[in-house]
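Structure data (mmCIF, C-alpha atoms) from coords-v4.cif:
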data_entry
loop_
_atom_site.label_atom_id
_atom_site.label_comp_id
_atom_site.auth_asym_id
_atom_site.auth_seq_id
_atom_site.Cartn_x
_atom_site.Cartn_y
_atom_site.Cartn_z
CA LYS A 1 0.00 0.00 0.00
CA LEU A 2 1.39 3.34 -1.03
CA VAL A 3 1.75 6.02 1.58
CA THR A 4 0.48 9.28 0.23
CA ASP A 5 2.25 12.50 1.11
CA ARG A 6 0.68 14.94 3.48
CA PRO A 7 -1.15 17.85 1.88
CA VAL A 8 0.95 20.92 1.48
CA ASN A 9 0.09 23.66 3.94
CA HIS A 10 0.10 26.97 2.12
CA GLU A 11 -0.46 29.08 5.24
CA ILE A 12 2.23 31.62 6.05
CA HIS A 13 3.19 31.90 9.72
CA LEU A 14 4.92 35.09 10.77
CA ASN A 15 7.17 34.67 13.79
CA LEU A 16 6.71 38.28 14.83
CA PRO A 17 6.45 38.90 18.57
CA VAL A 18 3.59 41.05 19.72
CA GLU A 19 5.87 43.58 21.41
CA HIS A 20 7.78 44.10 18.16
CA PHE A 21 4.53 44.73 16.33
CA PHE A 22 3.38 47.38 18.77
CA LEU A 23 6.87 48.88 18.87
CA GLY A 24 6.71 49.26 15.11
CA ILE A 25 3.34 51.03 15.40
CA VAL A 26 4.76 53.46 17.98
CA ILE A 27 7.83 54.22 15.85
CA ALA A 28 5.69 54.73 12.74
CA SER A 29 3.36 57.06 14.66
CA ILE A 30 6.25 59.17 15.96
CA ALA A 31 7.78 59.33 12.49
CA GLY A 32 4.44 60.44 11.03
CA LEU A 33 4.12 63.19 13.64
CA LEU A 34 7.65 64.39 12.91
CA ILE A 35 6.94 64.54 9.19
CA TRP A 36 3.58 66.22 9.70
CA ALA A 37 5.06 68.81 12.09
CA ASN A 38 7.90 69.86 9.79
CA LEU A 39 6.05 69.66 6.49
CA LEU A 40 5.30 73.10 5.11
CA ARG A 41 3.35 72.01 2.03
CA TRP A 42 3.37 69.36 -0.66
CA PRO A 43 2.41 70.69 -4.09
CA SER A 44 0.82 68.24 -6.45
CA ASN A 45 3.31 68.98 -9.23
CA GLN A 46 6.39 68.20 -7.09
CA PHE A 47 7.74 64.79 -6.17
CA PHE A 48 9.21 65.86 -2.81
CA PRO A 49 7.46 68.05 -0.22
CA ILE A 50 8.68 71.42 0.98
CA TRP A 51 10.10 71.28 4.48
CA SER A 52 10.32 74.00 7.11
CA ILE A 53 12.34 74.19 10.32
CA GLN A 54 10.58 77.30 11.60
CA LEU A 55 8.44 75.14 13.85
CA SER A 56 11.22 74.94 16.42
CA GLN A 57 10.84 78.70 16.95
CA SER A 58 7.23 78.11 18.09
CA ALA A 59 8.19 75.54 20.70
CA ASP A 60 8.08 78.17 23.44
CA LEU A 61 4.28 78.30 23.00
CA PHE A 62 4.07 74.93 24.76
CA ALA A 63 6.22 75.84 27.76
CA GLN A 64 3.31 76.56 30.10
CA PRO A 65 1.12 73.65 28.87
CA LEU A 66 4.11 71.32 29.23
CA LEU A 67 4.75 72.52 32.78
CA GLN A 68 1.09 72.18 33.78
CA THR A 69 0.88 68.73 32.19
CA CYS A 70 3.87 67.56 34.23
CA LEU A 71 2.56 69.22 37.40
CA ILE A 72 -0.92 67.72 37.13
CA GLY A 73 0.41 64.33 36.01
CA VAL A 74 2.96 63.96 38.80
CA SER A 75 0.62 65.26 41.53
CA SER A 76 -2.38 63.17 40.48
CA SER A 77 -0.20 60.06 40.14
CA ILE A 78 1.18 60.46 43.67
CA PHE A 79 -2.29 61.08 45.11
CA SER A 80 -3.71 58.08 43.21
CA ILE A 81 -0.99 55.80 44.55
CA LEU A 82 -1.48 57.05 48.12
CA ILE A 83 -5.25 56.50 47.92
CA ALA A 84 -4.72 53.06 46.39
CA VAL A 85 -2.32 52.03 49.17
CA TRP A 86 -4.74 53.26 51.83
CA VAL A 87 -7.69 51.41 50.25
CA LEU A 88 -5.77 48.17 49.74
CA GLU A 89 -4.37 48.19 53.26
CA CYS A 90 -7.78 48.84 54.82
CA ARG A 91 -9.37 46.03 52.81
CA LEU A 92 -6.50 43.68 53.57
CA GLN A 93 -6.97 44.25 57.31
CA LYS A 94 -10.59 43.09 56.81
CA ASN A 95 -9.35 40.07 54.80
CA ILE A 96 -11.05 41.38 51.64
CA LYS A 97 -8.86 40.72 48.63
CA TYR A 98 -10.71 42.32 45.74
CA ILE A 99 -11.35 45.84 44.50
CA HIS A 100 -14.74 47.38 45.29
CA ILE A 101 -17.03 48.07 42.37
CA VAL A 102 -17.24 51.77 43.20
CA TRP A 103 -13.73 52.28 41.85
CA TRP A 104 -14.63 50.68 38.55
CA CYS A 105 -17.44 53.22 38.16
CA CYS A 106 -14.83 55.94 37.69
CA LEU A 107 -13.80 54.12 34.50
CA TRP A 108 -17.22 52.92 33.30
CA ILE A 109 -19.01 56.26 33.54
CA PRO A 110 -18.67 58.27 30.30
CA THR A 111 -16.21 61.12 30.64
CA LEU A 112 -18.75 63.82 29.80
CA SER A 113 -21.23 62.59 32.41
CA PHE A 114 -18.47 62.16 34.97
CA SER A 115 -17.13 65.66 34.39
CA SER A 116 -20.63 67.19 34.40
CA GLY A 117 -21.36 65.54 37.75
CA LEU A 118 -18.19 66.94 39.29
CA LEU A 119 -18.98 70.34 37.78
CA ALA A 120 -22.42 70.28 39.41
CA TRP A 121 -20.84 69.60 42.82
CA MET A 122 -18.46 72.50 42.17
CA PHE A 123 -21.44 74.79 41.69
CA VAL A 124 -23.07 73.45 44.86
CA PHE A 125 -20.01 74.16 47.00
CA GLY A 126 -19.09 77.37 45.17
CA VAL A 127 -15.74 76.13 43.91
CA PRO A 128 -14.48 78.14 40.92
CA PRO A 129 -12.91 76.37 37.91
CA SER A 130 -9.20 76.03 38.54
CA ILE A 131 -6.40 73.52 38.60
CA PHE A 132 -7.60 71.89 41.84
CA PRO A 133 -10.85 70.39 40.44
CA VAL A 134 -8.83 69.20 37.44
CA LEU A 135 -6.34 67.58 39.80
CA LEU A 136 -9.21 65.91 41.68
CA ALA A 137 -10.69 64.51 38.46
CA HIS A 138 -7.32 63.19 37.27
CA THR A 139 -6.78 61.57 40.66
CA LEU A 140 -10.18 59.85 40.57
CA ILE A 141 -9.48 58.53 37.09
CA GLY A 142 -5.97 57.37 37.97
CA THR A 143 -6.88 55.65 41.25
CA PRO A 144 -8.58 52.59 39.64
CA PHE A 145 -5.50 52.07 37.48
CA ALA A 146 -3.30 52.28 40.58
CA LEU A 147 -5.54 49.75 42.34
CA MET A 148 -5.33 47.36 39.41
CA MET A 149 -1.54 47.65 39.24
CA LEU A 150 -0.90 47.30 42.99
CA SER A 151 -3.61 44.88 44.15
CA GLU A 152 -1.97 41.63 43.08
CA SER A 153 1.42 42.40 44.66
CA TRP A 154 -0.15 43.95 47.75
CA TYR A 155 -2.41 41.00 48.48
CA ALA A 156 0.33 38.44 47.74
CA ARG A 157 2.96 39.90 50.07
CA ASP A 158 5.00 37.64 52.31
CA GLN A 159 3.06 36.91 55.49
CA ARG A 160 6.23 35.86 57.30
CA MET A 161 7.47 39.43 57.15
CA ALA A 162 4.08 40.66 58.33
CA ILE A 163 4.32 38.39 61.37
CA LEU A 164 7.85 39.59 62.14
CA VAL A 165 6.74 43.22 61.90
CA LYS A 166 3.81 42.56 64.22
CA GLN A 167 6.08 40.79 66.74
CA SER A 168 8.58 43.65 66.65
CA GLY A 169 5.93 46.12 67.78
CA ARG A 170 6.20 48.36 64.76
CA SER A 171 3.14 50.28 63.64
CA LYS A 172 1.25 49.61 60.42
CA LEU A 173 2.30 52.99 59.07
CA TRP A 174 5.96 52.10 59.62
CA ALA A 175 5.48 48.74 57.90
CA VAL A 176 3.81 50.31 54.88
CA THR A 177 6.30 53.17 54.58
CA PHE A 178 9.60 51.43 55.31
CA LEU A 179 8.92 47.82 54.34
CA TRP A 180 6.16 47.17 51.83
CA ILE A 181 6.59 50.23 49.60
CA PRO A 182 10.40 49.76 49.23
CA LYS A 183 9.87 46.02 48.77
CA MET A 184 7.44 46.66 45.89
CA SER A 185 9.26 49.70 44.54
CA ASP A 186 9.38 48.38 40.97
CA THR A 187 5.60 47.90 40.97
CA PHE A 188 5.07 51.37 42.43
CA LEU A 189 7.30 52.96 39.80
CA LEU A 190 5.42 51.19 37.02
CA THR A 191 2.13 52.28 38.58
CA PHE A 192 3.34 55.86 38.66
CA ALA A 193 4.20 55.71 34.96
CA VAL A 194 0.77 54.29 34.10
CA CYS A 195 -1.08 56.93 36.13
CA PHE A 196 1.04 59.67 34.60
CA SER A 197 0.23 58.41 31.10
CA VAL A 198 -3.49 58.35 31.93
CA SER A 199 -3.29 61.93 33.19
CA CYS A 200 -1.58 63.08 29.99
CA SER A 201 -4.42 61.67 27.89
CA LEU A 202 -7.34 63.31 29.72
CA TYR A 203 -9.05 66.12 27.83
CA THR A 204 -12.73 66.42 28.78
CA GLN A 205 -12.11 66.63 32.53
CA THR A 206 -9.41 69.27 32.03
CA VAL A 207 -11.52 71.52 29.82
CA ILE A 208 -14.80 71.29 31.76
CA LEU A 209 -13.48 71.45 35.32
CA GLY A 210 -10.74 73.92 34.45
CA GLY A 211 -13.15 76.24 32.68
CA GLY A 212 -10.68 76.71 29.84
CA ARG A 213 -8.17 78.25 32.24
CA VAL A 214 -6.03 75.14 32.64
CA THR A 215 -4.02 74.41 29.50
CA THR A 216 -2.25 71.11 28.99
CA LEU A 217 -0.68 69.51 25.96
CA MET A 218 -3.88 67.58 25.32
CA THR A 219 -6.05 70.70 25.31
CA GLU A 220 -3.55 72.48 23.05
CA LEU A 221 -3.54 69.50 20.72
CA VAL A 222 -7.30 69.66 20.26
CA SER A 223 -7.42 73.46 19.96
CA TYR A 224 -4.62 73.62 17.39
CA GLY A 225 -6.07 70.66 15.50
CA ILE A 226 -8.82 72.92 14.17
CA GLY A 227 -6.37 75.45 12.75
CA ASP A 228 -2.62 74.89 12.55
CA ARG A 229 -1.89 71.22 11.92
CA ARG A 230 1.86 71.66 12.48
CA LEU A 231 1.40 73.03 15.99
CA ALA A 232 -1.12 70.27 16.66
CA SER A 233 1.44 67.70 15.52
CA LEU A 234 4.08 69.25 17.77
CA ALA A 235 1.72 69.13 20.75
CA ALA A 236 0.90 65.50 19.96
CA LEU A 237 4.61 64.73 19.67
CA LEU A 238 5.36 66.26 23.06
CA ASN A 239 2.36 64.50 24.60
CA THR A 240 3.66 61.21 23.19
CA PHE A 241 7.19 61.66 24.45
CA LEU A 242 6.18 62.56 28.00
CA PRO A 243 4.79 59.10 28.93
CA LEU A 244 7.60 57.47 26.97
CA LEU A 245 10.21 59.35 28.99
CA CYS A 246 8.34 58.57 32.20
CA PHE A 247 8.32 54.83 31.46
CA ALA A 248 12.00 54.90 30.50
CA PHE A 249 12.91 56.80 33.67
CA THR A 250 10.94 54.50 35.98
CA ALA A 251 12.34 51.38 34.31
CA SER A 252 15.90 52.64 34.70
CA LEU A 253 15.29 53.75 38.27
CA SER A 254 13.80 50.39 39.27
CA ARG A 255 16.93 48.65 37.98
CA LEU A 256 19.35 51.02 39.70
CA LEU A 257 17.54 51.45 43.00
CA TRP A 258 18.17 48.03 44.58
CA ARG A 259 20.80 46.59 42.25
CA HIS A 260 23.05 45.60 45.16
CA ARG A 261 20.28 44.15 47.38
CA LEU A 262 18.89 40.84 46.17
CA GLY A 263 16.19 40.63 48.83
CA MET A 264 14.68 43.95 47.79
CA GLN A 265 14.39 42.70 44.22
CA GLY A 266 12.08 39.86 45.22
CA ALA A 267 14.68 37.18 44.40
CA GLY A 268 15.59 36.24 47.95
CA VAL A 269 14.81 36.61 51.63
CA ALA A 270 17.39 37.79 54.12
CA ILE A 271 17.73 35.49 57.14
CA VAL A 272 18.66 37.14 60.40
CA ARG A 273 19.91 34.97 63.27
#
Represent the structure of the file as structure tokens.
Amino acid sequence: KLVTDRPVNHEIHLNLPVEHFFLGIVIASIAGLLIWANLLRWPSNQFFPIWSIQLSQSADLFAQPLLQTCLIGVSSSIFSILIAVWVLECRLQKNIKYIHIVWWCCLWIPTLSFSSGLLAWMFVFGVPPSIFPVLLAHTLIGTPFALMMLSESWYARDQRMAILVKQSGRSKLWAVTFLWIPKMSDTFLLTFAVCFSVSCSLYTQTVILGGGRVTTLMTELVSYGIGDRRLASLAALLNTFLPLLCFAFTASLSRLLWRHRLGMQGAGVAIVR
């Protein structure tokens, strides 16, 4: 009996990792923004476009929005992490190891409805539009992300260390400040970068609660998008590089912070006799 050959499989399998695919999308997006920001015009009768480097002279227009973006992003990220630590620690003391549904509502509610509700409470309490309501809104949006990033590591912490801390007579505040936060420093740095990126992307909350008085890179991007496309591309480019720099900084800092202490990296436990 003859053995027939297997049918030929004509499918093409691409051994392309997912991270390389998304990295290519990010690089292509940044390259497109660079081209769009420095392109003066492209006549139909010319093969190559006409470039202009005068855009660099307009970079000072984004000094204040860049500063306010960094200020709001850093402040709201720190407040979100502090609230997340307080919530997780309180729920862990009650032996509850899941996130309450109320924090998910900050993400499920549409941004316009969420901002309008906060604006109504501002009118009730007589709070004028300023940077503080914007900071509150960014913190409320960033807190669920902080809870998602920190909950798994916080609930899975070593109970042997918790018993030793309790036997030593140290307070819970000391344990959280000097033990658990340094022990999970890499997770906290990554959480900070995520919350900062979320803050950089918020537009509706900034415009409504700030009353148009708080300008960030995202608000400038939308406002310039109606008129000058080159300034809009420059604002988008800056707003893209900010989270990228934040992730790069936190990744480098997490590697350098405890490079000489194996136990603080989660790879070992120090034994004291």
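Between Gly211 in chain A and the residues A:Asn239, A:Ser197, A:Ser153, A:Ser130, the shortest atom-to-atom distance, using only C-alpha atoms, involves A:Ser130.
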Assuming the chain letters and numbering stay as they are in my file, what does the PyMOL selection byres ((chain A and resi 29-31) around 12) actually select? List them as a compact mmCIF listing (two decimals) with C-alpha atoms, keeping the file's coordinate frame.
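Writing done, so here's selection.txt:
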# COMPACT_ATOMS: atom_id res chain seq x y z
CA PHE A 22 3.38 47.38 18.77
CA LEU A 23 6.87 48.88 18.87
CA GLY A 24 6.71 49.26 15.11
CA ILE A 25 3.34 51.03 15.40
CA VAL A 26 4.76 53.46 17.98
CA ILE A 27 7.83 54.22 15.85
CA ALA A 28 5.69 54.73 12.74
CA GLY A 32 4.44 60.44 11.03
CA LEU A 33 4.12 63.19 13.64
CA LEU A 34 7.65 64.39 12.91
CA ILE A 35 6.94 64.54 9.19
CA TRP A 36 3.58 66.22 9.70
CA ALA A 37 5.06 68.81 12.09
CA ASN A 38 7.90 69.86 9.79
CA SER A 233 1.44 67.70 15.52
CA LEU A 234 4.08 69.25 17.77
CA ALA A 235 1.72 69.13 20.75
CA ALA A 236 0.90 65.50 19.96
CA LEU A 237 4.61 64.73 19.67
CA LEU A 238 5.36 66.26 23.06
CA ASN A 239 2.36 64.50 24.60
CA THR A 240 3.66 61.21 23.19
CA PHE A 241 7.19 61.66 24.45
CA LEU A 244 7.60 57.47 26.97
Taking 4 positions as the minimum chain separation for residues in the same chain, which residues sit within 10 Å of range 161-175 of chain A when counting only C-alpha atoms? Answer as a ChimeraX atom specification.
/A:89,157,179-181,269
Taking the file as shown, what set of residues would the PyMOL selection byres ((chain A and resi 143-145) around 7) give back, as a CSV table (one decimal) with C-alpha atoms, in the frame of the given file?
chain,number,residue,atom,x,y,z
A,80,SER,CA,-3.7,58.1,43.2
A,81,ILE,CA,-1.0,55.8,44.6
A,83,ILE,CA,-5.2,56.5,47.9
A,84,ALA,CA,-4.7,53.1,46.4
A,103,TRP,CA,-13.7,52.3,41.8
A,104,TRP,CA,-14.6,50.7,38.6
A,139,THR,CA,-6.8,61.6,40.7
A,140,LEU,CA,-10.2,59.8,40.6
A,141,ILE,CA,-9.5,58.5,37.1
A,142,GLY,CA,-6.0,57.4,38.0
A,146,ALA,CA,-3.3,52.3,40.6
A,147,LEU,CA,-5.5,49.8,42.3
A,148,MET,CA,-5.3,47.4,39.4
A,149,MET,CA,-1.5,47.6,39.2
A,195,CYS,CA,-1.1,56.9,36.1
Go through A:Ala120, A:Leu66, A:Met184, A:Leu209 one by one, measure the shortest atom-to-atom distance of each to Leu150 in chain A using only C-alpha atoms, and give the residue with the smallest value.
A:Met184
In Å, rounded to a single decimal, give me how far CA of Leu82 in chain A is from CA of Tyr203 in chain A.
23.5 Å
Could you state which residues are captured by the PyMOL selection byres ((chain A and resi 205) around 9) in this file, as a ChimeraX atom specification?
/A:111-112,114-116,133-134,137-138,202-204,206-210
One decimal, in Å: what's the spacing between CA of Gly73 in chain A and CA of Phe192 in chain A?
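We find that CA of Gly73 in chain A and CA of Phe192 in chain A lie 9.3 Å from each other.
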What separation in Å, quoted to one decimal, exists between CA of Leu242 in chain A and CA of Leu190 in chain A?
14.5 Å
Exercise: Ala251 in chain A partners within 12 Å, only C-alpha atoms, chain neighbours under 3 positions left out, as a ChimeraX atom specification
/A:185-194,244-248,254-257
Save out the residues we just selected, C-alpha atoms, as a CSV table (one decimal), in the coordinates of the input.
chain,number,residue,atom,x,y,z
A,185,SER,CA,9.3,49.7,44.5
A,186,ASP,CA,9.4,48.4,41.0
A,187,THR,CA,5.6,47.9,41.0
A,188,PHE,CA,5.1,51.4,42.4
A,189,LEU,CA,7.3,53.0,39.8
A,190,LEU,CA,5.4,51.2,37.0
A,191,THR,CA,2.1,52.3,38.6
A,192,PHE,CA,3.3,55.9,38.7
A,193,ALA,CA,4.2,55.7,35.0
A,194,VAL,CA,0.8,54.3,34.1
A,244,LEU,CA,7.6,57.5,27.0
A,245,LEU,CA,10.2,59.4,29.0
A,246,CYS,CA,8.3,58.6,32.2
A,247,PHE,CA,8.3,54.8,31.5
A,248,ALA,CA,12.0,54.9,30.5
A,254,SER,CA,13.8,50.4,39.3
A,255,ARG,CA,16.9,48.6,38.0
A,256,LEU,CA,19.4,51.0,39.7
A,257,LEU,CA,17.5,51.4,43.0
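Counting all atoms listed in the file and comparing A:Val85, A:Ile72, A:Val176, A:Ala156, the residue that lies closest to Ile131 in chain A is A:Ile72.
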Produce the centre coordinates and the three edge lengths, each in Å to one decimal, of the box along x, y and z that contains all listed atoms of range 152-158 of chain A with 4 Å added on each side, as lines of an AutoDock Vina configuration file.
center_x = 1.3
center_y = 40.8
center_z = 47.7
size_x = 15.4
size_y = 14.3
size_z = 17.2
Would you kindly return, as a PDB file with C-alpha atoms, in the frame of the given file, each protein, DNA or RNA residue with an atom no farther than 12 Å from any atom of Pro49 in chain A, considering only C-alpha atoms and excluding same-chain residues fewer than 4 positions away?
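What ended up in part_30.pdb:
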ATOM      1  CA  ILE A  35       6.940  64.540   9.190  1.00  0.00           C
ATOM      2  CA  TRP A  36       3.580  66.220   9.700  1.00  0.00           C
ATOM      3  CA  ASN A  38       7.900  69.860   9.790  1.00  0.00           C
ATOM      4  CA  LEU A  39       6.050  69.660   6.490  1.00  0.00           C
ATOM      5  CA  LEU A  40       5.300  73.100   5.110  1.00  0.00           C
ATOM      6  CA  ARG A  41       3.350  72.010   2.030  1.00  0.00           C
ATOM      7  CA  TRP A  42       3.370  69.360  -0.660  1.00  0.00           C
ATOM      8  CA  PRO A  43       2.410  70.690  -4.090  1.00  0.00           C
ATOM      9  CA  SER A  44       0.820  68.240  -6.450  1.00  0.00           C
ATOM     10  CA  ASN A  45       3.310  68.980  -9.230  1.00  0.00           C
TER      11      ASN A  45
END
How would you write as a PDB file with C-alpha atoms, in the frame of the given file the residues that get within 7 Å of (-3.0, 67.2, 22.0) in the file's frame, counting only C-alpha atoms?
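What ended up in selection-v9.pdb:
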ATOM      1  CA  LEU A 217      -0.680  69.510  25.960  1.00  0.00           C
ATOM      2  CA  MET A 218      -3.880  67.580  25.320  1.00  0.00           C
ATOM      3  CA  THR A 219      -6.050  70.700  25.310  1.00  0.00           C
ATOM      4  CA  GLU A 220      -3.550  72.480  23.050  1.00  0.00           C
ATOM      5  CA  LEU A 221      -3.540  69.500  20.720  1.00  0.00           C
ATOM      6  CA  VAL A 222      -7.300  69.660  20.260  1.00  0.00           C
ATOM      7  CA  ALA A 232      -1.120  70.270  16.660  1.00  0.00           C
ATOM      8  CA  ALA A 235       1.720  69.130  20.750  1.00  0.00           C
ATOM      9  CA  ALA A 236       0.900  65.500  19.960  1.00  0.00           C
ATOM     10  CA  ASN A 239       2.360  64.500  24.600  1.00  0.00           C
TER      11      ASN A 239
END
